[in-house]
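Asker: Have a look at this one.
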Amino acid sequence: MINAASKLLAVLLAVILLYVYPAAETADRQDDMARMTVVQTVTRFVDAVRTKGYISPAMFAEFEEQMARTGNAYEISMEHLHKKYVPHYSDPMDQSTFSGTYETVQDGYYAAQIKAKLFPSSGVQALDDPGRRYTMAMGDFFTVTIKNTNRTPAMLIREWLNGSAQAAAVFTTYGGMVLNEDY
């Protein structure tokens with residue numbers, strides 16, 4: 001009986017070492033390559049937006065196409081913060097009551113608003129029409145956050161081995177200040 005149990009354990013260990021471990025390592029490498037591709041793609045896109053000061057439909061479509069090449073599905077979150085200065089008045093209806101101070105306010109615009117400008121639902125405009133550009137001002141902040149929404153093979157193997165769900169395999173945030181208004 002002990003001999004049979006040791007043989008069963010040896011076979012189980014052999015299966016794990018010969019099949020499961022290499023499959024897990026291959027899947028992990030695939031996730032690492034997807035992570036590196038996403039970081040490079042997001043960095044290129046955000047730097048182009050920060051340098052040009054706008055997002056065109058062609059730029060965004062190319063960005064989504066490059067993200068899709070990794071084989072994963074992603075949730076793309078964009079945030080544009082526009083700085084505004086709001087003066088303080090003791091009587092808002094009378095401009096002569098300016099107190100000499102002002103407040104800095106950040107107006108936030110997000111992916112839904114940006115995509116609505118890039119891809120309007122009404123009207124037929126050409127893809128390169130300047131009216132479809134989402135423009136930003138110098139000094140604004142633009143940030144993109146990427147998170148995969150599908151379960152990758154590495155996540156499935158880890159869930160099977162550990163018995164618990166894992167966080168997103170690919171998660172990247174990159175952004176910065178808009179440097180130019182090239183429109």
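Scheme for the structure tokens: letters A, B, ... for chains in order shown; per-chain residue numbers from 1; ligand numbers from 1 in order shown.
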Considering only C-alpha atoms, return as an mmCIF file with all heavy atoms, in the first residue's frame whatever protein or nucleic-acid residues lie within 9 Å of stretch 77-80 of chain A, sequence-local ones (same chain, fewer than 5 positions apart) excluded.

Answerer:
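Okay, around39.cif is ready:
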```
data_model
loop_
_atom_site.group_PDB
_atom_site.id
_atom_site.type_symbol
_atom_site.label_atom_id
_atom_site.label_comp_id
_atom_site.auth_asym_id
_atom_site.auth_seq_id
_atom_site.Cartn_x
_atom_site.Cartn_y
_atom_site.Cartn_z
ATOM 1 N N ASP A 107 -10.799 71.443 -13.636
ATOM 2 C CA ASP A 107 -11.977 70.833 -14.253
ATOM 3 C C ASP A 107 -11.543 69.499 -14.845
ATOM 4 O O ASP A 107 -10.557 69.428 -15.590
ATOM 5 C CB ASP A 107 -12.539 71.711 -15.375
ATOM 6 C CG ASP A 107 -13.300 72.916 -14.847
ATOM 7 O OD1 ASP A 107 -13.655 72.916 -13.657
ATOM 8 O OD2 ASP A 107 -13.527 73.854 -15.638
ATOM 9 N N GLY A 108 -12.256 68.434 -14.518
ATOM 10 C CA GLY A 108 -11.899 67.109 -15.002
ATOM 11 C C GLY A 108 -12.782 66.663 -16.155
ATOM 12 O O GLY A 108 -13.998 66.823 -16.124
ATOM 13 N N TYR A 109 -12.157 66.133 -17.188
ATOM 14 C CA TYR A 109 -12.847 65.554 -18.335
ATOM 15 C C TYR A 109 -12.341 64.125 -18.479
ATOM 16 O O TYR A 109 -11.134 63.881 -18.382
ATOM 17 C CB TYR A 109 -12.569 66.350 -19.616
ATOM 18 C CG TYR A 109 -12.950 67.808 -19.471
ATOM 19 C CD1 TYR A 109 -12.002 68.758 -19.114
ATOM 20 C CD2 TYR A 109 -14.255 68.224 -19.673
ATOM 21 C CE1 TYR A 109 -12.345 70.091 -18.965
ATOM 22 C CE2 TYR A 109 -14.610 69.554 -19.526
ATOM 23 C CZ TYR A 109 -13.646 70.477 -19.170
ATOM 24 O OH TYR A 109 -13.995 71.794 -19.019
ATOM 25 N N TYR A 110 -13.257 63.198 -18.710
ATOM 26 C CA TYR A 110 -12.901 61.787 -18.656
ATOM 27 C C TYR A 110 -13.181 61.086 -19.978
ATOM 28 O O TYR A 110 -13.614 61.701 -20.942
ATOM 29 C CB TYR A 110 -13.641 61.134 -17.484
ATOM 30 C CG TYR A 110 -13.238 61.790 -16.185
ATOM 31 C CD1 TYR A 110 -14.003 62.809 -15.638
ATOM 32 C CD2 TYR A 110 -12.064 61.439 -15.539
ATOM 33 C CE1 TYR A 110 -13.621 63.450 -14.465
ATOM 34 C CE2 TYR A 110 -11.674 62.069 -14.373
ATOM 35 C CZ TYR A 110 -12.447 63.071 -13.840
ATOM 36 O OH TYR A 110 -12.054 63.704 -12.699
ATOM 37 N N ALA A 111 -12.910 59.784 -20.030
ATOM 38 C CA ALA A 111 -12.933 59.010 -21.274
ATOM 39 C C ALA A 111 -14.240 59.162 -22.043
ATOM 40 O O ALA A 111 -14.223 59.308 -23.270
ATOM 41 C CB ALA A 111 -12.665 57.534 -20.978
ATOM 42 N N ALA A 112 -15.372 59.145 -21.379
ATOM 43 C CA ALA A 112 -16.662 59.254 -22.082
ATOM 44 C C ALA A 112 -16.784 60.593 -22.795
ATOM 45 O O ALA A 112 -17.247 60.652 -23.945
ATOM 46 C CB ALA A 112 -17.812 59.069 -21.098
ATOM 47 N N ILE A 114 -14.247 62.565 -23.710
ATOM 48 C CA ILE A 114 -13.212 62.633 -24.749
ATOM 49 C C ILE A 114 -13.645 61.837 -25.979
ATOM 50 O O ILE A 114 -13.554 62.314 -27.114
ATOM 51 C CB ILE A 114 -11.863 62.138 -24.199
ATOM 52 C CG1 ILE A 114 -11.365 63.089 -23.097
ATOM 53 C CG2 ILE A 114 -10.834 62.007 -25.306
ATOM 54 C CD1 ILE A 114 -10.169 62.592 -22.323
ATOM 55 N N MET A 136 -6.436 70.353 -25.871
ATOM 56 C CA MET A 136 -6.073 70.684 -24.492
ATOM 57 C C MET A 136 -5.194 71.927 -24.524
ATOM 58 O O MET A 136 -4.642 72.281 -25.565
ATOM 59 C CB MET A 136 -5.308 69.524 -23.856
ATOM 60 C CG MET A 136 -6.152 68.286 -23.670
ATOM 61 S SD MET A 136 -5.198 66.887 -23.134
ATOM 62 C CE MET A 136 -5.120 65.957 -24.644
ATOM 63 N N ASP A 140 -2.237 71.872 -18.865
ATOM 64 C CA ASP A 140 -3.228 70.891 -18.429
ATOM 65 C C ASP A 140 -2.529 69.569 -18.128
ATOM 66 O O ASP A 140 -1.386 69.352 -18.534
ATOM 67 C CB ASP A 140 -4.274 70.656 -19.520
ATOM 68 C CG ASP A 140 -5.191 71.844 -19.736
ATOM 69 O OD1 ASP A 140 -5.086 72.823 -18.972
ATOM 70 O OD2 ASP A 140 -6.001 71.789 -20.666
ATOM 71 N N PHE A 141 -3.222 68.688 -17.445
ATOM 72 C CA PHE A 141 -2.691 67.366 -17.159
ATOM 73 C C PHE A 141 -3.515 66.315 -17.884
ATOM 74 O O PHE A 141 -4.740 66.401 -17.935
ATOM 75 C CB PHE A 141 -2.702 67.078 -15.653
ATOM 76 C CG PHE A 141 -1.593 67.767 -14.920
ATOM 77 C CD1 PHE A 141 -1.793 69.021 -14.387
ATOM 78 C CD2 PHE A 141 -0.356 67.171 -14.777
ATOM 79 C CE1 PHE A 141 -0.780 69.676 -13.729
ATOM 80 C CE2 PHE A 141 0.664 67.813 -14.119
ATOM 81 C CZ PHE A 141 0.452 69.072 -13.587
ATOM 82 N N PHE A 142 -2.818 65.314 -18.443
ATOM 83 C CA PHE A 142 -3.464 64.232 -19.162
ATOM 84 C C PHE A 142 -2.897 62.911 -18.656
ATOM 85 O O PHE A 142 -1.684 62.729 -18.596
ATOM 86 C CB PHE A 142 -3.234 64.370 -20.670
ATOM 87 C CG PHE A 142 -3.887 63.280 -21.479
ATOM 88 C CD1 PHE A 142 -5.263 63.207 -21.579
ATOM 89 C CD2 PHE A 142 -3.133 62.328 -22.131
ATOM 90 C CE1 PHE A 142 -5.875 62.202 -22.315
ATOM 91 C CE2 PHE A 142 -3.722 61.330 -22.872
ATOM 92 C CZ PHE A 142 -5.103 61.270 -22.960
ATOM 93 N N THR A 143 -3.789 61.989 -18.280
ATOM 94 C CA THR A 143 -3.374 60.703 -17.733
ATOM 95 C C THR A 143 -4.196 59.586 -18.363
ATOM 96 O O THR A 143 -5.398 59.734 -18.573
ATOM 97 C CB THR A 143 -3.591 60.673 -16.202
ATOM 98 O OG1 THR A 143 -2.930 61.780 -15.625
ATOM 99 C CG2 THR A 143 -3.052 59.398 -15.595
ATOM 100 N N VAL A 144 -3.542 58.469 -18.658
ATOM 101 C CA VAL A 144 -4.206 57.281 -19.179
ATOM 102 C C VAL A 144 -3.926 56.124 -18.224
ATOM 103 O O VAL A 144 -2.783 55.917 -17.811
ATOM 104 C CB VAL A 144 -3.708 56.922 -20.597
ATOM 105 C CG1 VAL A 144 -4.288 55.606 -21.071
ATOM 106 C CG2 VAL A 144 -4.052 58.017 -21.579
ATOM 107 N N THR A 145 -4.977 55.378 -17.882
ATOM 108 C CA THR A 145 -4.857 54.191 -17.046
ATOM 109 C C THR A 145 -5.422 53.006 -17.816
ATOM 110 O O THR A 145 -6.527 53.076 -18.342
ATOM 111 C CB THR A 145 -5.635 54.363 -15.722
ATOM 112 O OG1 THR A 145 -5.118 55.509 -15.045
ATOM 113 C CG2 THR A 145 -5.485 53.148 -14.830
ATOM 114 N N ILE A 146 -4.648 51.922 -17.868
ATOM 115 C CA ILE A 146 -5.020 50.726 -18.604
ATOM 116 C C ILE A 146 -5.109 49.561 -17.627
ATOM 117 O O ILE A 146 -4.233 49.372 -16.794
ATOM 118 C CB ILE A 146 -3.966 50.379 -19.683
ATOM 119 C CG1 ILE A 146 -3.780 51.533 -20.655
ATOM 120 C CG2 ILE A 146 -4.301 49.093 -20.402
ATOM 121 C CD1 ILE A 146 -4.940 51.799 -21.534
ATOM 122 N N LYS A 147 -6.177 48.782 -17.765
ATOM 123 C CA LYS A 147 -6.356 47.587 -16.927
ATOM 124 C C LYS A 147 -6.987 46.512 -17.793
ATOM 125 O O LYS A 147 -7.973 46.780 -18.481
ATOM 126 C CB LYS A 147 -7.266 47.925 -15.753
ATOM 127 C CG LYS A 147 -7.596 46.768 -14.868
ATOM 128 C CD LYS A 147 -8.543 47.207 -13.767
ATOM 129 C CE LYS A 147 -9.029 46.026 -12.980
ATOM 130 N NZ LYS A 147 -10.020 46.391 -11.983
ATOM 131 N N GLY A 175 1.041 59.547 -17.346
ATOM 132 C CA GLY A 175 0.505 60.856 -17.707
ATOM 133 C C GLY A 175 1.478 61.956 -17.380
ATOM 134 O O GLY A 175 2.610 61.718 -16.953
#
```

Asker: Excluding same-chain residues fewer than 4 positions from A:Asp47, what lies within 12 Å of it counting only C-alpha atoms, as a PyMOL selection string?

Answerer: chain A and resi 39-43+51-55+59+141-144+174-180

Asker: Using only C-alpha atoms, pick whichever of A:Asp94, A:Asp128, A:Asp28, A:Glu65 has the shortest atom-to-atom distance to A:Ala154.

Answerer: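 Among the listed residues, A:Asp28 lies closest to A:Ala154.
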
Asker: Would you please give, as a count of residues only, all residues of stretch 15-177 of chain A that DSSP assigns to strand (DSSP E) based on the backbone?

Answerer: 48

Asker: Restricting the calculation to only C-alpha atoms, which member of A:Val86, A:Ala73, A:Met36, A:Leu81 is positioned closest to A:Ser99?

Answerer: A:Val86

Asker: Which residue out of A:Arg69, A:Arg35, A:Lys83, A:Arg29 has the minimum interatomic distance to A:Gly139 when only C-alpha atoms are used?

Answerer: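 Result for the nearest residue to A:Gly139: A:Lys83.
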
Asker: Identify which of the residues A:Gln113, A:Asn3, A:Asn72, A:Thr152 lies closest to A:Thr26, counting only C-alpha atoms when measuring atom-to-atom distances.

Answerer: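 Looking only at the distances to A:Thr26, the closest residue turns out to be A:Thr152.
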
Asker: Measuring between only C-alpha atoms, which one of A:Pro120, A:Pro87, A:Pro57, A:Pro22 shows the shortest distance to A:Tyr102?

Answerer: A:Pro87
